[in-house]
$ cat structure.cif   # mmCIF, C-alpha atoms and all ligand atoms
data_target
#
loop_
_atom_site.label_atom_id
_atom_site.label_comp_id
_atom_site.auth_asym_id
_atom_site.auth_seq_id
_atom_site.Cartn_x
_atom_site.Cartn_y
_atom_site.Cartn_z
CA MET E 2 0.00 0.00 0.00
CA TYR E 3 1.17 3.52 -0.56
CA ARG E 4 -0.15 6.93 -1.26
CA GLU E 5 0.41 7.56 -4.97
CA ALA E 6 2.13 10.90 -5.17
CA GLY E 7 -0.46 13.36 -6.40
CA LYS E 8 0.07 15.04 -9.77
CA THR E 9 1.47 18.21 -8.23
CA ARG E 10 3.89 16.25 -6.07
CA PHE E 11 5.02 14.01 -8.92
CA GLN E 12 7.48 16.67 -10.00
CA LEU E 13 8.85 16.89 -6.47
CA ASP E 14 12.52 16.12 -6.77
CA LEU E 15 14.64 14.39 -4.19
CA ARG E 16 16.29 17.48 -2.67
CA ARG E 17 12.99 19.27 -2.11
CA HIS E 18 11.44 16.13 -0.62
CA LEU E 19 14.39 15.74 1.74
CA ARG E 20 14.01 19.37 2.81
CA SER E 21 10.41 18.56 3.82
CA GLN E 22 11.72 15.87 6.20
CA SER E 23 13.19 18.35 8.74
CA ILE E 24 16.66 16.80 8.71
CA CYS E 25 19.97 18.65 8.75
CA ASP E 26 21.51 20.05 5.58
CA ASN E 27 24.55 17.76 5.79
CA LEU E 28 22.30 14.68 5.62
CA ILE E 29 20.36 16.16 2.69
CA HIS E 30 23.66 16.85 0.94
CA LEU E 31 24.91 13.31 1.65
CA ILE E 32 21.78 11.58 0.28
CA CYS E 33 21.83 13.79 -2.82
CA GLU E 34 25.50 12.96 -3.39
CA ILE E 35 24.67 9.24 -3.19
CA ALA E 36 21.85 9.79 -5.70
CA GLU E 37 24.33 11.48 -8.04
CA ALA E 38 26.85 8.65 -7.63
CA SER E 39 24.14 6.13 -8.56
CA LYS E 40 24.04 7.62 -12.07
CA TYR E 41 27.67 6.59 -12.62
CA VAL E 42 26.95 3.14 -11.21
CA ILE E 43 24.03 2.79 -13.62
CA ASN E 44 26.30 3.68 -16.50
CA ALA E 45 28.91 1.15 -15.34
CA VAL E 46 26.26 -1.59 -15.03
CA ARG E 47 24.84 -0.83 -18.46
CA THR E 48 28.13 -0.63 -20.35
CA GLY E 49 30.84 -1.92 -18.02
CA ASP E 50 32.98 -5.02 -18.05
CA LEU E 51 31.13 -8.12 -16.81
CA GLY E 52 34.32 -9.96 -16.04
CA VAL E 53 36.02 -10.80 -12.78
CA ALA E 54 38.36 -8.39 -11.04
CA GLY E 55 40.85 -11.07 -10.05
CA THR E 56 40.38 -10.24 -6.36
CA SER E 57 38.07 -11.45 -3.60
CA ASN E 58 36.25 -9.72 -0.77
CA LEU E 59 36.17 -10.30 2.98
CA TYR E 60 33.82 -13.25 2.47
CA GLY E 61 36.15 -14.97 0.05
CA GLU E 62 33.73 -14.19 -2.77
CA GLU E 63 35.27 -13.46 -6.15
CA GLN E 64 34.81 -9.75 -6.92
CA LEU E 65 33.47 -8.76 -10.30
CA ALA E 66 34.96 -5.75 -12.02
CA LEU E 67 31.58 -4.07 -11.50
CA ASP E 68 31.72 -4.67 -7.74
CA VAL E 69 35.10 -2.95 -7.55
CA LEU E 70 34.13 -0.13 -9.92
CA SER E 71 30.84 0.58 -8.13
CA ASP E 72 32.64 0.53 -4.81
CA ARG E 73 35.18 3.06 -6.08
CA ILE E 74 32.49 5.37 -7.49
CA LEU E 75 30.58 5.46 -4.20
CA ARG E 76 33.63 5.74 -1.96
CA LYS E 77 35.08 8.68 -3.94
CA ARG E 78 31.74 10.47 -3.82
CA LEU E 79 31.41 9.94 -0.06
CA ILE E 80 34.97 11.14 0.58
CA HIS E 81 34.44 14.30 -1.48
CA SER E 82 31.02 14.99 0.08
CA GLY E 83 32.85 16.53 3.04
CA VAL E 84 30.28 15.20 5.53
CA VAL E 85 31.44 11.60 5.93
CA CYS E 86 33.71 10.35 8.70
CA ASN E 87 33.95 6.56 8.38
CA ILE E 88 33.06 4.34 5.41
CA ALA E 89 32.46 0.59 5.42
CA SER E 90 31.83 -1.31 2.22
CA GLU E 91 30.92 -4.91 1.52
CA GLU E 92 33.87 -4.83 -0.90
CA MET E 93 36.46 -3.48 1.56
CA ASP E 94 38.26 -5.44 4.29
CA VAL E 95 38.61 -2.49 6.66
CA VAL E 96 36.75 0.65 7.69
CA TYR E 97 37.99 3.65 5.69
CA GLN E 98 38.34 6.96 7.54
CA ALA E 99 37.43 9.75 5.15
CA GLN E 100 38.04 12.45 7.77
CA ALA E 101 38.62 12.77 11.49
CA GLU E 102 35.67 12.84 13.89
CA GLY E 103 33.90 16.18 14.02
CA PRO E 104 30.45 17.76 14.39
CA GLY E 105 27.83 17.16 11.70
CA LEU E 106 29.53 14.11 10.21
CA TYR E 107 28.03 10.77 9.24
CA SER E 108 29.28 7.23 8.75
CA VAL E 109 28.11 5.14 5.83
CA ALA E 110 27.97 1.36 5.33
CA TYR E 111 27.09 0.21 1.84
CA ASP E 112 26.83 -2.68 -0.54
CA PRO E 113 27.84 -0.99 -3.79
CA LEU E 114 26.36 -3.61 -6.06
CA ASP E 115 24.14 -6.26 -4.52
CA GLY E 116 23.37 -9.19 -6.80
CA SER E 117 26.24 -8.29 -9.15
CA SER E 118 26.44 -11.91 -10.35
CA LEU E 119 23.00 -11.37 -11.92
CA VAL E 120 24.17 -8.64 -14.31
CA ASP E 121 25.38 -11.12 -16.94
CA VAL E 122 21.90 -12.64 -17.13
CA ASN E 123 20.32 -9.18 -17.18
CA LEU E 124 18.37 -9.48 -13.94
CA SER E 125 17.74 -6.53 -11.62
CA ILE E 126 20.36 -5.54 -9.02
CA GLY E 127 20.88 -2.70 -6.58
CA THR E 128 22.94 -0.53 -4.26
CA ILE E 129 22.18 -0.57 -0.52
CA ILE E 130 23.12 2.30 1.83
CA SER E 131 23.05 2.63 5.63
CA ILE E 132 23.79 5.99 7.33
CA TYR E 133 24.68 6.69 10.97
CA LYS E 134 25.34 9.97 12.78
CA GLY E 135 28.92 10.29 13.99
CA CYS E 136 31.87 7.99 13.44
CA ASP E 137 30.80 4.67 14.92
CA ILE E 138 29.85 2.30 12.11
CA PHE E 139 29.17 -0.58 14.53
CA GLN E 140 26.01 0.88 16.07
CA GLU E 141 22.82 -1.17 16.22
CA GLY E 142 20.69 -0.75 13.12
CA ARG E 143 17.98 1.01 15.12
CA LYS E 144 20.39 3.97 15.43
CA GLN E 145 20.56 4.56 11.67
CA VAL E 146 19.48 8.07 10.72
CA ALA E 147 18.76 7.05 7.13
CA ALA E 148 18.68 4.03 4.84
CA LEU E 149 18.11 3.75 1.12
CA TYR E 150 18.50 1.53 -1.87
CA ILE E 151 18.71 2.12 -5.59
CA LEU E 152 17.17 -0.56 -7.79
CA TYR E 153 18.61 -0.93 -11.29
CA GLY E 154 15.69 -2.62 -12.98
CA PRO E 155 13.46 -1.94 -16.01
CA ARG E 156 13.18 1.46 -14.35
CA VAL E 157 15.70 2.91 -11.93
CA SER E 158 14.16 3.70 -8.55
CA MET E 159 15.40 4.92 -5.21
CA VAL E 160 13.63 4.13 -1.94
CA TYR E 161 14.65 6.05 1.17
CA SER E 162 13.63 6.76 4.72
CA VAL E 163 15.03 9.14 7.34
CA GLY E 164 12.59 7.72 9.86
CA ASN E 165 9.60 9.72 8.65
CA GLY E 166 7.90 7.37 6.22
CA VAL E 167 9.29 5.39 3.29
CA HIS E 168 9.29 7.05 -0.13
CA GLU E 169 10.09 5.96 -3.67
CA PHE E 170 11.63 8.08 -6.39
CA THR E 171 11.83 7.02 -10.03
CA MET E 172 14.48 8.22 -12.46
CA ASN E 173 13.09 10.13 -15.45
CA SER E 174 14.51 10.54 -18.95
CA LEU E 175 16.73 13.38 -17.70
CA MET E 176 18.17 11.04 -15.03
CA GLU E 177 16.43 13.04 -12.29
CA TYR E 178 14.79 11.25 -9.37
CA THR E 179 11.16 12.37 -8.99
CA LEU E 180 8.68 11.27 -6.33
CA SER E 181 6.57 8.28 -7.38
CA ARG E 182 5.28 6.76 -4.12
CA GLU E 183 5.05 8.42 -0.70
CA ASN E 184 4.55 6.90 2.77
CA ILE E 185 4.63 3.30 1.57
CA PHE E 186 2.92 0.99 4.05
CA MET E 187 2.73 -2.81 4.33
CA GLU E 188 -0.22 -5.10 5.11
CA PRO E 189 0.01 -7.19 8.31
CA ALA E 190 0.20 -10.47 6.32
CA GLY E 191 1.16 -11.34 2.76
CA ASP E 192 0.74 -13.78 -0.12
CA ILE E 193 4.25 -14.00 -1.59
CA HIS E 194 7.45 -15.39 -0.12
CA ALA E 195 11.08 -15.19 -1.24
CA PRO E 196 12.93 -18.16 0.33
CA GLY E 197 16.73 -17.88 -0.01
CA GLY E 198 19.19 -20.71 0.40
CA LEU E 199 18.83 -24.41 -0.39
CA ARG E 200 15.62 -25.87 1.01
CA LYS E 201 17.32 -29.20 1.84
CA LYS E 202 19.56 -27.23 4.21
CA TYR E 203 16.66 -25.61 6.08
CA THR E 204 16.25 -26.42 9.77
CA ARG E 205 12.94 -27.96 10.82
CA GLY E 206 11.46 -24.69 12.06
CA THR E 207 12.11 -22.91 8.76
CA GLU E 208 10.88 -25.93 6.79
CA ASN E 209 7.63 -25.91 8.79
CA PHE E 210 7.28 -22.14 8.32
CA VAL E 211 7.66 -22.35 4.53
CA SER E 212 5.15 -25.23 4.43
CA TYR E 213 2.78 -23.01 6.44
CA LEU E 214 3.20 -20.20 3.89
CA GLU E 215 2.57 -22.60 0.99
CA GLY E 216 -0.44 -23.98 2.86
CA LYS E 217 -2.02 -20.53 3.02
CA GLY E 218 -1.51 -20.10 -0.73
CA SER E 219 1.57 -17.89 -0.64
CA LYS E 220 3.35 -17.78 -4.01
CA LEU E 221 7.12 -18.17 -4.35
CA ARG E 222 8.77 -15.06 -5.79
CA TYR E 223 12.60 -15.23 -5.65
CA SER E 224 15.03 -13.58 -8.09
CA GLY E 225 18.30 -14.11 -6.21
CA GLY E 226 18.72 -10.33 -5.89
CA PHE E 227 18.11 -8.99 -2.40
CA VAL E 228 17.19 -5.49 -3.61
CA PRO E 229 14.52 -6.48 -6.19
CA ASP E 230 13.20 -9.22 -3.89
CA ILE E 231 12.78 -6.78 -0.99
CA ASN E 232 11.43 -4.09 -3.32
CA GLN E 233 8.71 -6.51 -4.49
CA VAL E 234 7.70 -7.32 -0.88
CA LEU E 235 7.70 -3.60 0.00
CA MET E 236 5.86 -2.28 -3.05
CA LYS E 237 3.24 -5.03 -3.06
CA GLY E 238 3.07 -4.58 0.71
CA LYS E 239 2.18 -8.25 1.09
CA GLY E 240 5.07 -10.65 1.49
CA ILE E 241 8.10 -11.97 3.31
CA PHE E 242 11.74 -12.52 2.34
CA LEU E 243 13.82 -15.04 4.23
CA TYR E 244 17.44 -16.10 4.09
CA PRO E 245 17.42 -18.40 7.10
CA ALA E 246 19.96 -20.19 9.22
CA LEU E 247 21.05 -23.26 7.24
CA LYS E 248 22.30 -26.57 8.61
CA ASP E 249 25.82 -25.74 7.41
CA ALA E 250 25.53 -21.95 7.86
CA PRO E 251 23.81 -21.15 11.18
CA LYS E 252 24.23 -17.39 10.56
CA GLY E 253 22.77 -17.57 7.06
CA LYS E 254 24.36 -15.57 4.24
CA LEU E 255 23.37 -11.92 4.36
CA ARG E 256 25.51 -9.21 5.93
CA LEU E 257 24.18 -7.22 8.87
CA LEU E 258 25.92 -3.90 8.18
CA PHE E 259 25.54 -3.70 4.41
CA GLU E 260 22.29 -5.53 3.63
CA LEU E 261 20.13 -6.36 6.65
CA ASN E 262 20.26 -3.18 8.76
CA PRO E 263 19.33 -0.77 5.94
CA MET E 264 16.55 -3.01 4.62
CA ALA E 265 15.22 -3.68 8.13
CA PHE E 266 15.12 0.11 8.77
CA LEU E 267 13.07 0.65 5.61
CA ILE E 268 10.71 -2.28 6.17
CA GLU E 269 10.07 -1.32 9.83
CA HIS E 270 9.34 2.30 8.84
CA ALA E 271 6.85 0.91 6.31
CA GLY E 272 5.03 -0.99 9.09
CA GLY E 273 6.74 -4.35 8.57
CA SER E 274 9.21 -6.34 10.69
CA ALA E 275 12.65 -7.89 10.36
CA SER E 276 13.96 -10.59 12.66
CA ASN E 277 16.95 -12.92 12.85
CA GLY E 278 14.50 -15.56 14.06
CA LYS E 279 14.85 -14.53 17.69
CA ILE E 280 15.20 -10.72 17.98
CA PRO E 281 14.62 -7.75 15.66
CA ILE E 282 17.49 -7.29 13.21
CA LEU E 283 17.74 -3.62 14.25
CA ASP E 284 18.54 -4.65 17.85
CA VAL E 285 21.47 -6.94 16.94
CA LYS E 286 24.80 -5.46 18.07
CA PRO E 287 27.21 -5.59 15.10
CA GLU E 288 30.37 -7.46 16.14
CA CYS E 289 32.52 -7.16 13.03
CA LEU E 290 32.43 -6.02 9.42
CA ASP E 291 31.48 -9.44 8.09
CA HIS E 292 28.76 -10.07 10.70
CA ARG E 293 26.02 -12.19 9.13
CA GLU E 294 22.55 -12.97 10.48
CA PRO E 295 19.63 -15.15 9.40
CA VAL E 296 16.77 -12.92 8.27
CA TYR E 297 12.98 -13.02 8.05
CA ILE E 298 11.76 -9.66 6.76
CA GLY E 299 8.42 -8.35 5.53
CA CYS E 300 4.82 -8.37 6.80
CA SER E 301 4.81 -8.24 10.59
CA GLU E 302 2.40 -11.15 11.15
CA ASP E 303 4.37 -13.39 8.78
CA VAL E 304 7.64 -12.53 10.51
CA GLN E 305 6.04 -13.22 13.91
CA LYS E 306 4.83 -16.61 12.60
CA ALA E 307 8.39 -17.46 11.53
CA VAL E 308 9.68 -16.63 15.01
CA GLU E 309 7.01 -18.92 16.52
CA PHE E 310 7.89 -21.82 14.23
CA LEU E 311 11.58 -21.42 15.10
CA ALA E 312 10.80 -21.25 18.82
CA LEU E 313 8.80 -24.50 18.53
CA GLU E 314 11.84 -26.11 16.88
CA ALA E 315 14.06 -24.86 19.68
CA ASP E 316 11.77 -26.51 22.27
CA THR E 317 11.93 -29.98 20.71
P1 LIG V 1 26.01 -9.77 -3.27
O1 LIG V 1 25.86 -9.82 -4.76
O2 LIG V 1 26.18 -8.37 -2.74
O3 LIG V 1 27.08 -10.72 -2.78
O4 LIG V 1 24.63 -10.27 -2.63
C1 LIG V 1 24.03 -11.41 -3.10
C2 LIG V 1 23.05 -11.87 -2.08
C3 LIG V 1 21.68 -11.22 -2.20
O5 LIG V 1 21.57 -10.35 -3.28
C4 LIG V 1 20.72 -12.37 -2.42
O6 LIG V 1 19.59 -12.26 -1.59
C5 LIG V 1 21.55 -13.60 -2.07
O7 LIG V 1 22.89 -13.25 -2.27
C6 LIG V 1 21.22 -14.73 -2.96
O8 LIG V 1 21.93 -15.84 -2.45
P2 LIG V 1 21.70 -17.28 -3.15
O9 LIG V 1 22.37 -17.16 -4.50
O10 LIG V 1 22.38 -18.23 -2.21
O11 LIG V 1 20.23 -17.50 -3.26
MN MN V 2 24.98 -7.96 -1.17
MN MN V 3 27.55 -6.78 -3.19
#
$ encode --input "structure.cif" --output "structure tokens" --more "lines below"
Ligand code: AHG
Ligand code: MN
Ligand code: MN
Amino acid sequence: MYREAGKTRFQLDLRRHLRSQSICDNLIHLICEIAEASKYVINAVRTGDLGVAGTSNLYGEEQLALDVLSDRILRKRLIHSGVVCNIASEEMDVVYQAQAEGPGLYSVAYDPLDGSSLVDVNLSIGTIISIYKGCDIFQEGRKQVAALYILYGPRVSMVYSVGNGVHEFTMNSLMEYTLSRENIFMEPAGDIHAPGGLRKKYTRGTENFVSYLEGKGSKLRYSGGFVPDINQVLMKGKGIFLYPALKDAPKGKLRLLFELNPMAFLIEHAGGSASNGKIPILDVKPECLDHREPVYIGCSEDVQKAVEFLALEADT
């Protein structure tokens, strides 16, 4: 569910919408800089080299040239914004200090290109951004001051929240982001589910939860890209995404700092929930850059049901 931006507001561009959110100018500047950087990422995705970079990231995953290029585009933009203290990227092994601690600065954690392995089969991918006040990048997700993603799909869209509603902007022919959906809100329960990971590796609680979803007629919608899969759940307002604990990966696959915290911030501000199966994702204390957590994220009643099924498993 969402309130379609009325005709007059359709032309509202990102900067003016941000100014209506009563946030400080440095944060407005930072989000606009990220929006600008996304245009260079789009160009790289559309025309760039699909090959491997010959390096690997902190997770031992082979980096594609696009991962490295997108990371460089965003990092340079953040450094030159003048309002960023620390930077953490899914593609970097360490936290990068852009400038020393000072008033009015922010720290940014980002996944420069999520789903990059899908580019060569022309599926949708995205950039995920998490923003904190000050220089501590290891704060709980609930302390984010902003989160956003850019979805490079048939259309390019940006979804952001600074804690005052969740809003979607769509890129027009002039590569400007204009308001397309305002105050997006989710239903309590849904009818689609995006189950990540191999089903044969699911624990009993997750297996029973997915069977419950299928039993109530929920349809499987999974692209393998976190950003489009979450965007579908959010825009339809009726679904759940899960990348659960697996028998051989009890912490699942997705990264707390770069993927889960920003998406959990957006989904919660749209009336949904995000849990690691026990506690809200936004309350998990990040321990390290490559901190992973299982995730159940989407309609609040569906997430609660998942937690109940997992608790039942824990009791047996
Ligand atoms: P990334 O490309 O940044 O490494 O992220 C890929 C993630 C995420 O996009 C998606 O939800 C998940 O990997 C898919 O994993 P599986 O291929 O195991 O389904
Ligand atoms: Mn990712
Ligand atoms: Mn990535």
$ residues_near_ligand --input "structure.cif" --ligand "ligand MN 2 (chain V)" --cutoff "10 Å" --atoms "only C-alpha atoms and all ligand atoms" --output "ChimeraX atom specification"
/E:68,91-92,111-117,126-129,226-228,254-256,259-261
$ residues_near_point --input "structure.cif" --point "(22.2, -26.1, 9.6)" --cutoff "10 Å" --atoms "only C-alpha atoms" --output "list of chain:residue names"
E:Lys201, E:Lys202, E:Tyr203, E:Thr204, E:Arg205, E:Pro245, E:Ala246, E:Leu247, E:Lys248, E:Asp249, E:Ala250, E:Pro251, E:Lys252, E:Gly253
$ residues_near_point --input "structure.cif" --point "(9.4, 8.4, -0.5)" --cutoff "7 Å" --atoms "only C-alpha atoms" --output "MDAnalysis selection string"
chainID E and resid 160:162 166:170 180 182:184
$ residues_around --input "structure.cif" --residues "E:Tyr213" --least-positions-apart "2" --cutoff "12 Å" --atoms "all atoms listed in the file" --output "list in words"
Asp192, His194, Gly206, Thr207, Glu208, Asn209, Phe210, Val211, Glu215, Gly216, Lys217, Gly218, Ser219, Lys220, Asp303, Lys306, Ala307, Glu309 and Phe310 of chain E
$ closest_residue --input "structure.cif" --among "E:Val285, E:Val84, E:Val296, E:Ile29" --to "ligand LIG 1 (chain V)" --atoms "all atoms listed in the file"
E:Val296
$ residues_around --input "structure.cif" --residues "stretch 237-242 of chain E" --least-positions-apart "6" --cutoff "8 Å" --atoms "all atoms listed in the file" --output "list in words"
Met2, Phe186, Met187, Glu188, Pro189, Ala190, Gly191, Asp192, Ile193, His194, Ala195, Pro196, Gly197, Asp230, Ile231, Val296, Tyr297, Ile298, Gly299, Cys300, Asp303 and Val304 of chain E
$ closest_residue --input "structure.cif" --among "E:Ile24, E:Leu59, E:Met159, E:Leu313" --to "ligand LIG 1 (chain V)" --atoms "all atoms listed in the file"
E:Leu59
$ atom_distance --input "structure.cif" --atom1 "atom CA of E:Met93" --atom2 "atom CA of E:Gln64"
10.7 Å
$ closest_residue --input "structure.cif" --among "E:Leu199, E:Val96, E:Leu13, E:Met176" --to "E:Tyr41" --atoms "all atoms listed in the file"
E:Met176
$ atom_distance --input "structure.cif" --atom1 "atom CA of E:Arg16" --atom2 "atom CA of E:Pro263"
20.4 Å
$ atom_distance --input "structure.cif" --atom1 "atom CA of E:Val234" --atom2 "atom CA of E:Ile268"
9.2 Å
$ closest_residue --input "structure.cif" --among "E:Leu243, E:Leu258, E:Glu314, E:Phe139" --to "E:Pro295" --atoms "all atoms listed in the file"
E:Leu243
$ closest_residue --input "structure.cif" --among "E:Ile132, E:Ile280, E:Leu221, E:Ile32" --to "E:Tyr107" --atoms "all atoms listed in the file"
E:Ile132
$ residues_around --input "structure.cif" --residues "E:Ala36" --least-positions-apart "4" --cutoff "9 Å" --atoms "all atoms listed in the file" --output "number ranges by chain"
E: 15, 31-32, 40, 151, 159, 178
$ axis_aligned_box --input "structure.cif" --around "ligand LIG 1 (chain V)" --padding-each-side "6 Å" --output "lines of an AutoDock Vina configuration file"
center_x = 23.3
center_y = -13.3
center_z = -3.2
size_x = 19.5
size_y = 21.9
size_z = 15.2
$ closest_residue --input "structure.cif" --among "E:Tyr97, E:Tyr60, E:Tyr244, E:Tyr133" --to "ligand MN 3 (chain V)" --atoms "only C-alpha atoms and all ligand atoms"
E:Tyr60
$ residues_around --input "structure.cif" --residues "E:Ser82" --least-positions-apart "6" --cutoff "10 Å" --atoms "only C-alpha atoms" --output "PDB file with C-alpha atoms, in the frame of the given file"
ATOM      1  CA  ASN E  27      24.550  17.760   5.790  1.00  0.00           C
ATOM      2  CA  HIS E  30      23.660  16.850   0.940  1.00  0.00           C
ATOM      3  CA  LEU E  31      24.910  13.310   1.650  1.00  0.00           C
ATOM      4  CA  ILE E  32      21.780  11.580   0.280  1.00  0.00           C
ATOM      5  CA  CYS E  33      21.830  13.790  -2.820  1.00  0.00           C
ATOM      6  CA  GLU E  34      25.500  12.960  -3.390  1.00  0.00           C
ATOM      7  CA  ILE E  35      24.670   9.240  -3.190  1.00  0.00           C
ATOM      8  CA  ARG E  76      33.630   5.740  -1.960  1.00  0.00           C
ATOM      9  CA  ALA E  99      37.430   9.750   5.150  1.00  0.00           C
TER      10      ALA E  99
END
$ decode --input "structure.cif" --residues "stretch 125-170 of chain E" --atoms "C-alpha atoms" --output "mmCIF file, in the first residue's frame"
data_model
loop_
_atom_site.group_PDB
_atom_site.id
_atom_site.type_symbol
_atom_site.label_atom_id
_atom_site.label_comp_id
_atom_site.auth_asym_id
_atom_site.auth_seq_id
_atom_site.Cartn_x
_atom_site.Cartn_y
_atom_site.Cartn_z
ATOM 1 C CA SER E 125 17.737 -6.529 -11.621
ATOM 2 C CA ILE E 126 20.358 -5.541 -9.020
ATOM 3 C CA GLY E 127 20.880 -2.701 -6.581
ATOM 4 C CA THR E 128 22.936 -0.527 -4.260
ATOM 5 C CA ILE E 129 22.180 -0.571 -0.516
ATOM 6 C CA ILE E 130 23.120 2.303 1.833
ATOM 7 C CA SER E 131 23.046 2.631 5.633
ATOM 8 C CA ILE E 132 23.786 5.987 7.326
ATOM 9 C CA TYR E 133 24.682 6.691 10.972
ATOM 10 C CA LYS E 134 25.341 9.968 12.783
ATOM 11 C CA GLY E 135 28.924 10.286 13.991
ATOM 12 C CA CYS E 136 31.867 7.994 13.437
ATOM 13 C CA ASP E 137 30.798 4.667 14.920
ATOM 14 C CA ILE E 138 29.848 2.297 12.110
ATOM 15 C CA PHE E 139 29.170 -0.581 14.528
ATOM 16 C CA GLN E 140 26.013 0.882 16.072
ATOM 17 C CA GLU E 141 22.821 -1.165 16.223
ATOM 18 C CA GLY E 142 20.687 -0.751 13.119
ATOM 19 C CA ARG E 143 17.978 1.013 15.119
ATOM 20 C CA LYS E 144 20.389 3.974 15.430
ATOM 21 C CA GLN E 145 20.561 4.560 11.670
ATOM 22 C CA VAL E 146 19.482 8.068 10.715
ATOM 23 C CA ALA E 147 18.763 7.054 7.127
ATOM 24 C CA ALA E 148 18.684 4.033 4.845
ATOM 25 C CA LEU E 149 18.112 3.753 1.119
ATOM 26 C CA TYR E 150 18.496 1.525 -1.865
ATOM 27 C CA ILE E 151 18.711 2.124 -5.592
ATOM 28 C CA LEU E 152 17.174 -0.563 -7.788
ATOM 29 C CA TYR E 153 18.606 -0.934 -11.290
ATOM 30 C CA GLY E 154 15.685 -2.621 -12.980
ATOM 31 C CA PRO E 155 13.459 -1.942 -16.010
ATOM 32 C CA ARG E 156 13.180 1.465 -14.354
ATOM 33 C CA VAL E 157 15.696 2.910 -11.927
ATOM 34 C CA SER E 158 14.157 3.697 -8.549
ATOM 35 C CA MET E 159 15.403 4.919 -5.213
ATOM 36 C CA VAL E 160 13.626 4.126 -1.943
ATOM 37 C CA TYR E 161 14.652 6.046 1.175
ATOM 38 C CA SER E 162 13.635 6.760 4.723
ATOM 39 C CA VAL E 163 15.034 9.139 7.339
ATOM 40 C CA GLY E 164 12.595 7.717 9.859
ATOM 41 C CA ASN E 165 9.600 9.717 8.653
ATOM 42 C CA GLY E 166 7.902 7.369 6.222
ATOM 43 C CA VAL E 167 9.289 5.388 3.290
ATOM 44 C CA HIS E 168 9.294 7.051 -0.125
ATOM 45 C CA GLU E 169 10.089 5.956 -3.673
ATOM 46 C CA PHE E 170 11.629 8.084 -6.392
#
